[in-house]
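*Asks:* This is the structure I want to talk about, given as structure tokens.
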Amino acid sequence: MIQDSSVCGLDERLASWAGAGIGNKVISRDDARTIIGDASIPLLPLIHTAGLVRRHFYGDRVQVHVLNNVQNGACPEDCGYCGQAKTSDAPIQAYTLKPRDEIISEAQRAKDAGAFRYCMVLSGTGPSDADIEHMSACIREVKERFGLETCLSSGILDEAKAQQLKEAGLDRLNHNLNTSRDHYTEICTTHTYQDRVDTLNAARGAGLSLCTGLIVGMGESHEDLLDVAFELRAVRAESIPVNLLIPIPGAKITDPVCEGQALTPEFCLRVLCMMRLANPDSEVRIAAGREHHLRSMQALALEPCSSLFVDGYLLTKGAAPIETLHLIRDAGFELDFRGSTPPPLVREAWEEMHSNTAGAQIDGTATELSVFKSDKLSAKKVEKLASK
Ligand code: SF4
């Protein structure tokens with residue numbers, strides 16, 4: 001934890017945050033509070049600062065993720081943000097766990113859309129033994145045939161089940177903390193925040209990487225956002241999806257507000273910057289709600305965030321994949337294939353977009369742009385700050 005920088009001038013303050021982040025040190029809670037709540041910290045320099053940290057760890061690469069809702073609805077839980085909850089009367093299409101063939105053919109589609117990781121999501125409190133068997137078989141096949149990284153979101157589970165999934169080849173378990181411990185009873189009464197923490201610990205115990213994030217705009221306070229930001233650091237989440245509440249008609253929570261204020265693009269970007277600076281080396285993702293809440297400012301989210309979803313979210317559609325590829329390219333970023341061969345669909349679209357850009361590469365070997373090439377802070381200066 002670095003020292004509170006509130007006594008410094010703006011330039012020094014931003015430089016100290018960048019330097020701390022590059023050294024994988026966390027900003028103080030007071031600084032995090034300032035970032036989301038104090039308009040005297042101008043937005044664009046703040047985004048640039050978060051971008052310095054993101055580029056230090058992830059260069060100019062963006063990972064794209066595709067979600068697959070492999071089981072939908074009929075959930076006995078009452079999560080207020082969710083259209084699948086027992087308390088929701090959202091008109092959703094409920095279905096039981098998809099058959100293996102369907103999950104595999106959708107993995108093929110994810111591969112063709114350029115996905116780096118295939119994320120499968122089950123509704124419900126937690127998986128039965130039969131669900132674990134079924135998903136283990138699917139995970140094995142997805143890994144063998146497509147080489148995609150796999151992530152599963154399956155609710156509450158214990159270490160024995162987590163271990164079984166790990167042995168099948170699962171890379172990562174998703175289980176969002178969603179909000180702070182204090183605010184949790186406002187969004188859900190059928191399970192506890194501690195149940196969520198226990199599931200993360202079980203996954204970690206089994207050797208799985210953790211994907212766990214939050215939903216901004218569920219009536220929480222700024223302090224709640226800070227609580228969850230630092231809790232995510234405490235569990236050393238490798239991946240942090242930051243969702244911006246998409247109001248689902250029929251769900252219990254449909255008014256996207258934080259600290260009594262409606263979400264704005266500026267506020268959402270401030271939260272993303274705070275999440276980056278509180279979790280410098282994590283893969284912070286702009287997840288559900290980016291189109292709805294960031295609107296014309298979406299590209300700016302690629303500075304604090306190193307990944308996003310293509311092709312929509314659990315119950316709602318997002319931008320078309322090609323639009324998201326344009327967004328990434330137009331902002332000067334590269335797709336991250338991690339050395340794998342990109343599928344023809346993505347290769348062609350990406351090459352066409354780059355036809356006037358000398359030197360663009362898509363084969364996973366793209367040269368990282370210099371992090372500091374046009375920055376006021378020189379590489380030397382940031383290195384010096386990071387070593388403090
Ligand atoms: S978030 Fe998951 S556990 Fe909660 S109601 Fe929705 S499907 Fe059920």
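Each chain of the structure tokens is named A, B, ... in the order shown, its residues numbered from 1; ligands are numbered from 1 in display order.
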Within 10 Å of stretch 152-164 of chain A, counting only C-alpha atoms, which residues qualify if same-chain residues fewer than 4 places away don't, as an mmCIF file with all heavy atoms, in the first residue's frame?
*Replies:*
```
data_model
loop_
_atom_site.group_PDB
_atom_site.id
_atom_site.type_symbol
_atom_site.label_atom_id
_atom_site.label_comp_id
_atom_site.auth_asym_id
_atom_site.auth_seq_id
_atom_site.Cartn_x
_atom_site.Cartn_y
_atom_site.Cartn_z
ATOM 1 N N LEU A 67 -19.386 -15.174 -23.906
ATOM 2 C CA LEU A 67 -20.146 -15.866 -22.855
ATOM 3 C C LEU A 67 -21.105 -16.870 -23.466
ATOM 4 O O LEU A 67 -21.672 -16.609 -24.520
ATOM 5 C CB LEU A 67 -21.004 -14.850 -22.092
ATOM 6 C CG LEU A 67 -20.360 -14.067 -20.964
ATOM 7 C CD1 LEU A 67 -21.342 -13.005 -20.482
ATOM 8 C CD2 LEU A 67 -19.983 -14.975 -19.809
ATOM 9 N N ASN A 68 -21.311 -17.958 -22.788
ATOM 10 C CA ASN A 68 -22.335 -18.913 -23.210
ATOM 11 C C ASN A 68 -23.161 -19.323 -22.002
ATOM 12 O O ASN A 68 -22.648 -19.931 -21.064
ATOM 13 C CB ASN A 68 -21.699 -20.154 -23.843
ATOM 14 C CG ASN A 68 -22.754 -21.128 -24.355
ATOM 15 O OD1 ASN A 68 -23.946 -20.910 -24.196
ATOM 16 N ND2 ASN A 68 -22.302 -22.196 -24.969
ATOM 17 N N ASN A 69 -24.426 -18.955 -22.038
ATOM 18 C CA ASN A 69 -25.346 -19.314 -20.968
ATOM 19 C C ASN A 69 -25.783 -20.761 -21.155
ATOM 20 O O ASN A 69 -26.738 -21.036 -21.861
ATOM 21 C CB ASN A 69 -26.567 -18.393 -21.086
ATOM 22 C CG ASN A 69 -26.942 -17.804 -19.765
ATOM 23 O OD1 ASN A 69 -26.235 -17.985 -18.784
ATOM 24 N ND2 ASN A 69 -28.045 -17.101 -19.737
ATOM 25 N N VAL A 70 -25.088 -21.686 -20.536
ATOM 26 C CA VAL A 70 -25.362 -23.100 -20.834
ATOM 27 C C VAL A 70 -26.553 -23.645 -20.038
ATOM 28 O O VAL A 70 -27.023 -24.750 -20.294
ATOM 29 C CB VAL A 70 -24.112 -23.995 -20.617
ATOM 30 C CG1 VAL A 70 -23.004 -23.591 -21.558
ATOM 31 C CG2 VAL A 70 -23.632 -23.958 -19.179
ATOM 32 N N GLN A 71 -27.017 -22.876 -19.082
ATOM 33 C CA GLN A 71 -28.248 -23.250 -18.365
ATOM 34 C C GLN A 71 -28.906 -21.948 -17.947
ATOM 35 O O GLN A 71 -28.237 -21.052 -17.431
ATOM 36 C CB GLN A 71 -27.907 -24.089 -17.126
ATOM 37 C CG GLN A 71 -29.103 -24.430 -16.256
ATOM 38 C CD GLN A 71 -28.687 -25.320 -15.085
ATOM 39 O OE1 GLN A 71 -28.305 -26.461 -15.284
ATOM 40 N NE2 GLN A 71 -28.741 -24.781 -13.881
ATOM 41 N N TYR A 118 -13.402 -19.196 -23.472
ATOM 42 C CA TYR A 118 -14.807 -19.576 -23.609
ATOM 43 C C TYR A 118 -15.400 -19.637 -22.208
ATOM 44 O O TYR A 118 -14.947 -20.423 -21.368
ATOM 45 C CB TYR A 118 -14.865 -20.939 -24.288
ATOM 46 C CG TYR A 118 -16.226 -21.492 -24.603
ATOM 47 C CD1 TYR A 118 -17.189 -20.736 -25.262
ATOM 48 C CD2 TYR A 118 -16.545 -22.807 -24.270
ATOM 49 C CE1 TYR A 118 -18.420 -21.271 -25.582
ATOM 50 C CE2 TYR A 118 -17.779 -23.353 -24.593
ATOM 51 C CZ TYR A 118 -18.709 -22.575 -25.245
ATOM 52 O OH TYR A 118 -19.930 -23.116 -25.560
ATOM 53 N N CYS A 119 -16.396 -18.789 -21.961
ATOM 54 C CA CYS A 119 -16.949 -18.677 -20.610
ATOM 55 C C CYS A 119 -18.339 -19.309 -20.577
ATOM 56 O O CYS A 119 -19.224 -18.870 -21.309
ATOM 57 C CB CYS A 119 -17.061 -17.214 -20.197
ATOM 58 S SG CYS A 119 -15.544 -16.283 -20.415
ATOM 59 N N MET A 120 -18.507 -20.318 -19.763
ATOM 60 C CA MET A 120 -19.791 -21.029 -19.681
ATOM 61 C C MET A 120 -20.449 -20.708 -18.347
ATOM 62 O O MET A 120 -19.795 -20.748 -17.306
ATOM 63 C CB MET A 120 -19.544 -22.543 -19.791
ATOM 64 C CG MET A 120 -18.965 -22.944 -21.138
ATOM 65 S SD MET A 120 -18.122 -24.552 -21.108
ATOM 66 C CE MET A 120 -16.527 -24.108 -20.446
ATOM 67 N N VAL A 121 -21.734 -20.420 -18.404
ATOM 68 C CA VAL A 121 -22.419 -19.927 -17.215
ATOM 69 C C VAL A 121 -23.666 -20.762 -16.933
ATOM 70 O O VAL A 121 -24.502 -20.948 -17.815
ATOM 71 C CB VAL A 121 -22.837 -18.445 -17.408
ATOM 72 C CG1 VAL A 121 -23.432 -17.894 -16.115
ATOM 73 C CG2 VAL A 121 -21.654 -17.602 -17.857
ATOM 74 N N LEU A 122 -23.764 -21.257 -15.700
ATOM 75 C CA LEU A 122 -24.937 -22.026 -15.271
ATOM 76 C C LEU A 122 -25.744 -21.187 -14.292
ATOM 77 O O LEU A 122 -25.175 -20.567 -13.387
ATOM 78 C CB LEU A 122 -24.520 -23.300 -14.526
ATOM 79 C CG LEU A 122 -24.103 -24.538 -15.320
ATOM 80 C CD1 LEU A 122 -22.783 -24.326 -16.015
ATOM 81 C CD2 LEU A 122 -23.998 -25.735 -14.374
ATOM 82 N N SER A 123 -27.056 -21.185 -14.460
ATOM 83 C CA SER A 123 -27.893 -20.561 -13.437
ATOM 84 C C SER A 123 -28.002 -21.535 -12.255
ATOM 85 O O SER A 123 -27.645 -22.713 -12.370
ATOM 86 C CB SER A 123 -29.285 -20.268 -14.008
ATOM 87 O OG SER A 123 -29.896 -21.470 -14.435
ATOM 88 N N GLY A 124 -28.507 -21.026 -11.140
ATOM 89 C CA GLY A 124 -28.744 -21.917 -10.003
ATOM 90 C C GLY A 124 -27.816 -21.653 -8.843
ATOM 91 O O GLY A 124 -26.805 -20.958 -8.974
ATOM 92 N N THR A 125 -28.150 -22.270 -7.711
ATOM 93 C CA THR A 125 -27.369 -22.056 -6.481
ATOM 94 C C THR A 125 -25.957 -22.603 -6.624
ATOM 95 O O THR A 125 -24.981 -21.976 -6.223
ATOM 96 C CB THR A 125 -28.067 -22.768 -5.296
ATOM 97 O OG1 THR A 125 -29.428 -22.369 -5.278
ATOM 98 C CG2 THR A 125 -27.391 -22.443 -3.993
ATOM 99 N N GLY A 126 -25.882 -23.811 -7.179
ATOM 100 C CA GLY A 126 -24.581 -24.452 -7.363
ATOM 101 C C GLY A 126 -24.780 -25.742 -8.130
ATOM 102 O O GLY A 126 -25.908 -26.253 -8.224
ATOM 103 N N PRO A 127 -23.722 -26.319 -8.677
ATOM 104 C CA PRO A 127 -23.864 -27.495 -9.525
ATOM 105 C C PRO A 127 -24.052 -28.785 -8.732
ATOM 106 O O PRO A 127 -23.435 -28.970 -7.676
ATOM 107 C CB PRO A 127 -22.539 -27.517 -10.289
ATOM 108 C CG PRO A 127 -21.566 -26.844 -9.370
ATOM 109 C CD PRO A 127 -22.334 -25.842 -8.569
ATOM 110 N N SER A 128 -24.893 -29.679 -9.256
ATOM 111 C CA SER A 128 -25.038 -31.020 -8.678
ATOM 112 C C SER A 128 -23.837 -31.867 -9.109
ATOM 113 O O SER A 128 -23.050 -31.455 -9.988
ATOM 114 C CB SER A 128 -26.321 -31.672 -9.196
ATOM 115 O OG SER A 128 -26.189 -31.878 -10.595
ATOM 116 N N ASP A 129 -23.734 -33.075 -8.551
ATOM 117 C CA ASP A 129 -22.655 -33.974 -8.981
ATOM 118 C C ASP A 129 -22.778 -34.276 -10.469
ATOM 119 O O ASP A 129 -21.787 -34.329 -11.199
ATOM 120 C CB ASP A 129 -22.711 -35.281 -8.184
ATOM 121 C CG ASP A 129 -22.309 -35.063 -6.719
ATOM 122 O OD1 ASP A 129 -21.738 -33.994 -6.427
ATOM 123 O OD2 ASP A 129 -22.592 -35.946 -5.893
ATOM 124 N N ASP A 131 -24.128 -32.354 -12.757
ATOM 125 C CA ASP A 131 -23.715 -31.151 -13.514
ATOM 126 C C ASP A 131 -22.186 -31.102 -13.643
ATOM 127 O O ASP A 131 -21.636 -30.743 -14.694
ATOM 128 C CB ASP A 131 -24.175 -29.870 -12.807
ATOM 129 C CG ASP A 131 -25.687 -29.710 -12.778
ATOM 130 O OD1 ASP A 131 -26.364 -30.372 -13.596
ATOM 131 O OD2 ASP A 131 -26.176 -28.937 -11.933
ATOM 132 N N ILE A 132 -21.521 -31.447 -12.557
ATOM 133 C CA ILE A 132 -20.052 -31.405 -12.569
ATOM 134 C C ILE A 132 -19.505 -32.428 -13.565
ATOM 135 O O ILE A 132 -18.579 -32.130 -14.342
ATOM 136 C CB ILE A 132 -19.488 -31.662 -11.147
ATOM 137 C CG1 ILE A 132 -19.839 -30.491 -10.216
ATOM 138 C CG2 ILE A 132 -17.979 -31.916 -11.170
ATOM 139 C CD1 ILE A 132 -19.015 -29.236 -10.404
ATOM 140 N N GLU A 133 -20.111 -33.623 -13.590
ATOM 141 C CA GLU A 133 -19.689 -34.658 -14.551
ATOM 142 C C GLU A 133 -19.859 -34.145 -15.980
ATOM 143 O O GLU A 133 -18.969 -34.253 -16.820
ATOM 144 C CB GLU A 133 -20.560 -35.925 -14.395
ATOM 145 C CG GLU A 133 -20.312 -36.711 -13.126
ATOM 146 C CD GLU A 133 -18.970 -37.430 -13.150
ATOM 147 O OE1 GLU A 133 -18.445 -37.673 -14.239
ATOM 148 O OE2 GLU A 133 -18.437 -37.710 -12.062
ATOM 149 N N MET A 135 -20.202 -31.027 -17.130
ATOM 150 C CA MET A 135 -19.346 -29.893 -17.495
ATOM 151 C C MET A 135 -17.885 -30.328 -17.617
ATOM 152 O O MET A 135 -17.144 -29.794 -18.448
ATOM 153 C CB MET A 135 -19.486 -28.752 -16.471
ATOM 154 C CG MET A 135 -20.847 -28.060 -16.485
ATOM 155 S SD MET A 135 -21.471 -27.646 -18.142
ATOM 156 C CE MET A 135 -20.186 -26.582 -18.780
ATOM 157 N N SER A 136 -17.492 -31.301 -16.811
ATOM 158 C CA SER A 136 -16.107 -31.782 -16.917
ATOM 159 C C SER A 136 -15.869 -32.386 -18.291
ATOM 160 O O SER A 136 -14.826 -32.145 -18.923
ATOM 161 C CB SER A 136 -15.818 -32.831 -15.831
ATOM 162 O OG SER A 136 -15.895 -32.240 -14.568
ATOM 163 N N ILE A 139 -15.643 -29.536 -20.823
ATOM 164 C CA ILE A 139 -14.381 -28.781 -20.684
ATOM 165 C C ILE A 139 -13.239 -29.560 -21.337
ATOM 166 O O ILE A 139 -12.428 -28.994 -22.083
ATOM 167 C CB ILE A 139 -14.101 -28.490 -19.192
ATOM 168 C CG1 ILE A 139 -15.101 -27.451 -18.675
ATOM 169 C CG2 ILE A 139 -12.661 -28.026 -18.980
ATOM 170 C CD1 ILE A 139 -15.236 -27.415 -17.161
ATOM 171 N N ALA A 168 -10.404 -31.785 -14.992
ATOM 172 C CA ALA A 168 -10.937 -31.865 -16.362
ATOM 173 C C ALA A 168 -10.262 -30.843 -17.283
ATOM 174 O O ALA A 168 -10.452 -30.877 -18.500
ATOM 175 C CB ALA A 168 -12.439 -31.637 -16.353
ATOM 176 N N GLY A 169 -9.534 -29.912 -16.702
ATOM 177 C CA GLY A 169 -8.825 -28.933 -17.527
ATOM 178 C C GLY A 169 -9.327 -27.509 -17.371
ATOM 179 O O GLY A 169 -8.864 -26.601 -18.062
ATOM 180 N N LEU A 170 -10.306 -27.318 -16.476
ATOM 181 C CA LEU A 170 -10.802 -25.947 -16.285
ATOM 182 C C LEU A 170 -9.658 -25.028 -15.866
ATOM 183 O O LEU A 170 -8.855 -25.380 -15.005
ATOM 184 C CB LEU A 170 -11.910 -25.921 -15.213
ATOM 185 C CG LEU A 170 -12.578 -24.557 -15.002
ATOM 186 C CD1 LEU A 170 -13.389 -24.143 -16.230
ATOM 187 C CD2 LEU A 170 -13.482 -24.567 -13.762
ATOM 188 N N ASP A 171 -9.605 -23.860 -16.516
ATOM 189 C CA ASP A 171 -8.539 -22.909 -16.186
ATOM 190 C C ASP A 171 -8.966 -21.962 -15.081
ATOM 191 O O ASP A 171 -8.175 -21.589 -14.220
ATOM 192 C CB ASP A 171 -8.196 -22.073 -17.432
ATOM 193 C CG ASP A 171 -7.659 -22.944 -18.543
ATOM 194 O OD1 ASP A 171 -6.537 -23.455 -18.390
ATOM 195 O OD2 ASP A 171 -8.362 -23.157 -19.553
ATOM 196 N N ARG A 172 -10.234 -21.548 -15.172
ATOM 197 C CA ARG A 172 -10.631 -20.433 -14.322
ATOM 198 C C ARG A 172 -12.064 -20.615 -13.846
ATOM 199 O O ARG A 172 -12.909 -21.116 -14.593
ATOM 200 C CB ARG A 172 -10.506 -19.168 -15.177
ATOM 201 C CG ARG A 172 -10.854 -17.903 -14.518
ATOM 202 C CD ARG A 172 -10.551 -16.731 -15.425
ATOM 203 N NE ARG A 172 -9.145 -16.351 -15.379
ATOM 204 C CZ ARG A 172 -8.642 -15.304 -16.014
ATOM 205 N NH1 ARG A 172 -9.415 -14.547 -16.767
ATOM 206 N NH2 ARG A 172 -7.359 -15.003 -15.924
ATOM 207 N N LEU A 173 -12.317 -20.223 -12.632
ATOM 208 C CA LEU A 173 -13.684 -20.233 -12.108
ATOM 209 C C LEU A 173 -14.159 -18.801 -11.930
ATOM 210 O O LEU A 173 -13.452 -17.975 -11.358
ATOM 211 C CB LEU A 173 -13.758 -20.943 -10.759
ATOM 212 C CG LEU A 173 -15.212 -21.137 -10.317
ATOM 213 C CD1 LEU A 173 -15.741 -22.493 -10.778
ATOM 214 C CD2 LEU A 173 -15.378 -20.994 -8.820
ATOM 215 N N ASN A 174 -15.351 -18.527 -12.442
ATOM 216 C CA ASN A 174 -15.941 -17.199 -12.212
ATOM 217 C C ASN A 174 -16.941 -17.281 -11.071
ATOM 218 O O ASN A 174 -17.813 -18.159 -11.048
ATOM 219 C CB ASN A 174 -16.666 -16.683 -13.461
ATOM 220 C CG ASN A 174 -17.592 -15.518 -13.111
ATOM 221 O OD1 ASN A 174 -18.790 -15.696 -12.937
ATOM 222 N ND2 ASN A 174 -17.034 -14.345 -12.934
ATOM 223 N N HIS A 175 -16.818 -16.388 -10.146
ATOM 224 C CA HIS A 175 -17.826 -16.253 -9.094
ATOM 225 C C HIS A 175 -17.695 -14.821 -8.578
ATOM 226 O O HIS A 175 -16.775 -14.502 -7.837
ATOM 227 C CB HIS A 175 -17.557 -17.283 -7.980
ATOM 228 C CG HIS A 175 -18.735 -17.504 -7.093
ATOM 229 N ND1 HIS A 175 -19.971 -17.908 -7.555
ATOM 230 C CD2 HIS A 175 -18.879 -17.382 -5.748
ATOM 231 C CE1 HIS A 175 -20.807 -18.034 -6.550
ATOM 232 N NE2 HIS A 175 -20.178 -17.717 -5.437
ATOM 233 N N ASN A 176 -18.595 -13.979 -8.993
ATOM 234 C CA ASN A 176 -18.455 -12.555 -8.673
ATOM 235 C C ASN A 176 -18.804 -12.261 -7.221
ATOM 236 O O ASN A 176 -19.777 -12.801 -6.699
ATOM 237 C CB ASN A 176 -19.371 -11.721 -9.572
ATOM 238 C CG ASN A 176 -18.925 -11.733 -11.020
ATOM 239 O OD1 ASN A 176 -17.744 -11.928 -11.302
ATOM 240 N ND2 ASN A 176 -19.851 -11.554 -11.932
ATOM 241 N N HIS A 191 -28.436 -16.426 -0.172
ATOM 242 C CA HIS A 191 -27.094 -16.873 0.202
ATOM 243 C C HIS A 191 -26.324 -15.651 0.679
ATOM 244 O O HIS A 191 -26.812 -14.518 0.550
ATOM 245 C CB HIS A 191 -26.374 -17.600 -0.952
ATOM 246 C CG HIS A 191 -26.139 -16.748 -2.149
ATOM 247 N ND1 HIS A 191 -26.957 -16.733 -3.243
ATOM 248 C CD2 HIS A 191 -25.169 -15.845 -2.418
ATOM 249 C CE1 HIS A 191 -26.505 -15.879 -4.144
ATOM 250 N NE2 HIS A 191 -25.411 -15.323 -3.670
ATOM 251 N N ASP A 195 -20.631 -17.013 1.659
ATOM 252 C CA ASP A 195 -20.721 -18.167 0.744
ATOM 253 C C ASP A 195 -19.882 -17.899 -0.509
ATOM 254 O O ASP A 195 -19.241 -18.792 -1.059
ATOM 255 C CB ASP A 195 -22.178 -18.408 0.297
ATOM 256 C CG ASP A 195 -23.046 -18.946 1.420
ATOM 257 O OD1 ASP A 195 -22.514 -19.626 2.307
ATOM 258 O OD2 ASP A 195 -24.271 -18.680 1.393
ATOM 259 N N ARG A 196 -19.920 -16.667 -0.963
ATOM 260 C CA ARG A 196 -19.172 -16.312 -2.181
ATOM 261 C C ARG A 196 -17.662 -16.358 -1.918
ATOM 262 O O ARG A 196 -16.904 -16.894 -2.719
ATOM 263 C CB ARG A 196 -19.588 -14.922 -2.672
ATOM 264 C CG ARG A 196 -21.060 -14.889 -3.046
ATOM 265 C CD ARG A 196 -21.383 -13.959 -4.197
ATOM 266 N NE ARG A 196 -22.625 -14.422 -4.802
ATOM 267 C CZ ARG A 196 -22.800 -14.643 -6.097
ATOM 268 N NH1 ARG A 196 -21.838 -14.399 -6.957
ATOM 269 N NH2 ARG A 196 -23.946 -15.079 -6.553
ATOM 270 N N VAL A 197 -17.284 -15.791 -0.794
ATOM 271 C CA VAL A 197 -15.852 -15.809 -0.455
ATOM 272 C C VAL A 197 -15.379 -17.256 -0.303
ATOM 273 O O VAL A 197 -14.291 -17.622 -0.775
ATOM 274 C CB VAL A 197 -15.597 -14.994 0.842
ATOM 275 C CG1 VAL A 197 -14.162 -15.137 1.298
ATOM 276 C CG2 VAL A 197 -15.944 -13.520 0.619
ATOM 277 N N ASP A 198 -16.208 -18.102 0.338
ATOM 278 C CA ASP A 198 -15.821 -19.511 0.537
ATOM 279 C C ASP A 198 -15.634 -20.221 -0.807
ATOM 280 O O ASP A 198 -14.728 -21.051 -0.961
ATOM 281 C CB ASP A 198 -16.891 -20.251 1.363
ATOM 282 C CG ASP A 198 -16.923 -19.776 2.810
ATOM 283 O OD1 ASP A 198 -15.977 -19.086 3.236
ATOM 284 O OD2 ASP A 198 -17.912 -20.084 3.507
ATOM 285 N N THR A 199 -16.494 -19.917 -1.762
ATOM 286 C CA THR A 199 -16.358 -20.540 -3.091
ATOM 287 C C THR A 199 -15.045 -20.113 -3.747
ATOM 288 O O THR A 199 -14.337 -20.929 -4.351
ATOM 289 C CB THR A 199 -17.561 -20.168 -3.985
ATOM 290 O OG1 THR A 199 -18.726 -20.741 -3.411
ATOM 291 C CG2 THR A 199 -17.393 -20.689 -5.402
ATOM 292 N N LEU A 200 -14.710 -18.844 -3.602
ATOM 293 C CA LEU A 200 -13.432 -18.380 -4.171
ATOM 294 C C LEU A 200 -12.260 -19.099 -3.500
ATOM 295 O O LEU A 200 -11.297 -19.508 -4.176
ATOM 296 C CB LEU A 200 -13.286 -16.868 -4.011
ATOM 297 C CG LEU A 200 -14.287 -16.015 -4.814
ATOM 298 C CD1 LEU A 200 -14.058 -14.532 -4.547
ATOM 299 C CD2 LEU A 200 -14.176 -16.299 -6.307
ATOM 300 N N ASN A 201 -12.363 -19.269 -2.200
ATOM 301 C CA ASN A 201 -11.277 -19.966 -1.492
ATOM 302 C C ASN A 201 -11.177 -21.425 -1.930
ATOM 303 O O ASN A 201 -10.081 -21.972 -2.059
ATOM 304 C CB ASN A 201 -11.484 -19.878 0.021
ATOM 305 C CG ASN A 201 -11.240 -18.462 0.536
ATOM 306 O OD1 ASN A 201 -10.521 -17.690 -0.097
ATOM 307 N ND2 ASN A 201 -11.849 -18.109 1.646
ATOM 308 N N ALA A 202 -12.353 -22.057 -2.169
ATOM 309 C CA ALA A 202 -12.354 -23.456 -2.629
ATOM 310 C C ALA A 202 -11.689 -23.552 -4.005
ATOM 311 O O ALA A 202 -10.876 -24.457 -4.261
ATOM 312 C CB ALA A 202 -13.790 -23.992 -2.705
ATOM 313 N N ALA A 203 -12.019 -22.619 -4.872
ATOM 314 C CA ALA A 203 -11.429 -22.630 -6.217
ATOM 315 C C ALA A 203 -9.919 -22.415 -6.137
ATOM 316 O O ALA A 203 -9.137 -23.093 -6.816
ATOM 317 C CB ALA A 203 -12.076 -21.543 -7.075
ATOM 318 N N ARG A 204 -9.536 -21.497 -5.308
ATOM 319 C CA ARG A 204 -8.098 -21.230 -5.155
ATOM 320 C C ARG A 204 -7.396 -22.466 -4.596
ATOM 321 O O ARG A 204 -6.314 -22.847 -5.042
ATOM 322 C CB ARG A 204 -7.902 -20.016 -4.239
ATOM 323 C CG ARG A 204 -6.500 -19.569 -4.123
ATOM 324 C CD ARG A 204 -5.887 -19.097 -5.433
ATOM 325 N NE ARG A 204 -6.048 -17.681 -5.669
ATOM 326 C CZ ARG A 204 -5.987 -17.114 -6.875
ATOM 327 N NH1 ARG A 204 -5.802 -17.847 -7.955
ATOM 328 N NH2 ARG A 204 -6.110 -15.832 -7.035
ATOM 329 N N GLY A 205 -8.062 -23.114 -3.621
ATOM 330 C CA GLY A 205 -7.486 -24.324 -3.016
ATOM 331 C C GLY A 205 -7.280 -25.422 -4.045
ATOM 332 O O GLY A 205 -6.358 -26.246 -3.916
ATOM 333 N N ALA A 206 -8.144 -25.446 -5.059
ATOM 334 C CA ALA A 206 -8.035 -26.472 -6.108
ATOM 335 C C ALA A 206 -7.043 -26.060 -7.197
ATOM 336 O O ALA A 206 -6.832 -26.806 -8.154
ATOM 337 C CB ALA A 206 -9.406 -26.729 -6.732
ATOM 338 N N GLY A 207 -6.494 -24.878 -7.071
ATOM 339 C CA GLY A 207 -5.489 -24.439 -8.046
ATOM 340 C C GLY A 207 -6.077 -23.743 -9.266
ATOM 341 O O GLY A 207 -5.407 -23.588 -10.289
ATOM 342 N N LEU A 208 -7.342 -23.308 -9.151
ATOM 343 C CA LEU A 208 -7.948 -22.599 -10.286
ATOM 344 C C LEU A 208 -7.633 -21.111 -10.209
ATOM 345 O O LEU A 208 -7.506 -20.538 -9.125
ATOM 346 C CB LEU A 208 -9.473 -22.779 -10.253
ATOM 347 C CG LEU A 208 -9.971 -24.191 -10.570
ATOM 348 C CD1 LEU A 208 -11.438 -24.337 -10.178
ATOM 349 C CD2 LEU A 208 -9.785 -24.505 -12.057
ATOM 350 N N CYS A 211 -11.758 -15.611 -11.468
ATOM 351 C CA CYS A 211 -12.403 -14.485 -12.143
ATOM 352 C C CYS A 211 -13.521 -14.040 -11.218
ATOM 353 O O CYS A 211 -14.467 -14.796 -10.974
ATOM 354 C CB CYS A 211 -12.979 -14.936 -13.484
ATOM 355 S SG CYS A 211 -14.006 -13.685 -14.273
ATOM 356 N N THR A 212 -13.413 -12.861 -10.667
ATOM 357 C CA THR A 212 -14.450 -12.396 -9.745
ATOM 358 C C THR A 212 -14.514 -10.880 -9.781
ATOM 359 O O THR A 212 -13.489 -10.204 -9.720
ATOM 360 C CB THR A 212 -14.208 -12.927 -8.306
ATOM 361 O OG1 THR A 212 -15.169 -12.327 -7.440
ATOM 362 C CG2 THR A 212 -12.807 -12.658 -7.790
#
```
*Asks:* Among stretch 31-235 of chain A, which residues carry a DSSP assignment of strand (DSSP E or B), reported as a PyMOL selection string?
*Replies:* chain A and resi 61-72+95+117-122+149-153+172-174+178+209-211+214-216+218
*Asks:* Can I get the residues close to ligand 1 as a PyMOL selection string, where close means within 6 Å and we count only C-alpha atoms and all ligand atoms?
*Replies:* chain A and resi 75+77-79+82+84-85+123-125
*Asks:* Can you list, as a list in words, every residue of stretch 193-262 of chain A that DSSP puts in helix (DSSP H, G or I)?
*Replies:*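 DSSP on the backbone gives helix (DSSP H, G or I) at Tyr193, Gln194, Asp195, Arg196, Val197, Asp198, Thr199, Leu200, Asn201, Ala202, Ala203, Arg204, Gly205, His222, Glu223, Asp224, Leu225, Leu226, Asp227, Val228, Ala229, Phe230, Glu231, Leu232, Arg233 and Ala234 of chain A.
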*Asks:* For the contact check between stretch 120-195 of chain A and stretch 247-265 of chain A, emit one row per residue of stretch 120-195 of chain A within 10 Å, containing the shortest atom pair and the distance in Å rounded to one decimal, counting only C-alpha atoms, chain then rising number order, as JSON lines.
*Replies:*
```
{"residue": "A:Glu186", "atom": "CA", "partner": "A:Ile253", "partner_atom": "CA", "distance": 9.8}
{"residue": "A:Ile187", "atom": "CA", "partner": "A:Ile253", "partner_atom": "CA", "distance": 7.8}
{"residue": "A:Cys188", "atom": "CA", "partner": "A:Lys252", "partner_atom": "CA", "distance": 9.9}
```
*Asks:* Pull N, CA and C atoms from the residues just selected and write them as an mmCIF file, in the first residue's frame.
*Replies:*
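The result, written out as selection_14.cif:
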```cif
data_model
loop_
_atom_site.group_PDB
_atom_site.id
_atom_site.type_symbol
_atom_site.label_atom_id
_atom_site.label_comp_id
_atom_site.auth_asym_id
_atom_site.auth_seq_id
_atom_site.Cartn_x
_atom_site.Cartn_y
_atom_site.Cartn_z
ATOM 1 N N GLU A 186 -28.698 -6.376 0.742
ATOM 2 C CA GLU A 186 -29.641 -5.538 -0.024
ATOM 3 C C GLU A 186 -29.898 -6.116 -1.414
ATOM 4 N N ILE A 187 -28.979 -6.954 -1.868
ATOM 5 C CA ILE A 187 -29.164 -7.477 -3.239
ATOM 6 C C ILE A 187 -29.572 -8.945 -3.247
ATOM 7 N N CYS A 188 -29.365 -9.652 -2.127
ATOM 8 C CA CYS A 188 -29.657 -11.089 -2.119
ATOM 9 C C CYS A 188 -29.866 -11.553 -0.677
#
```
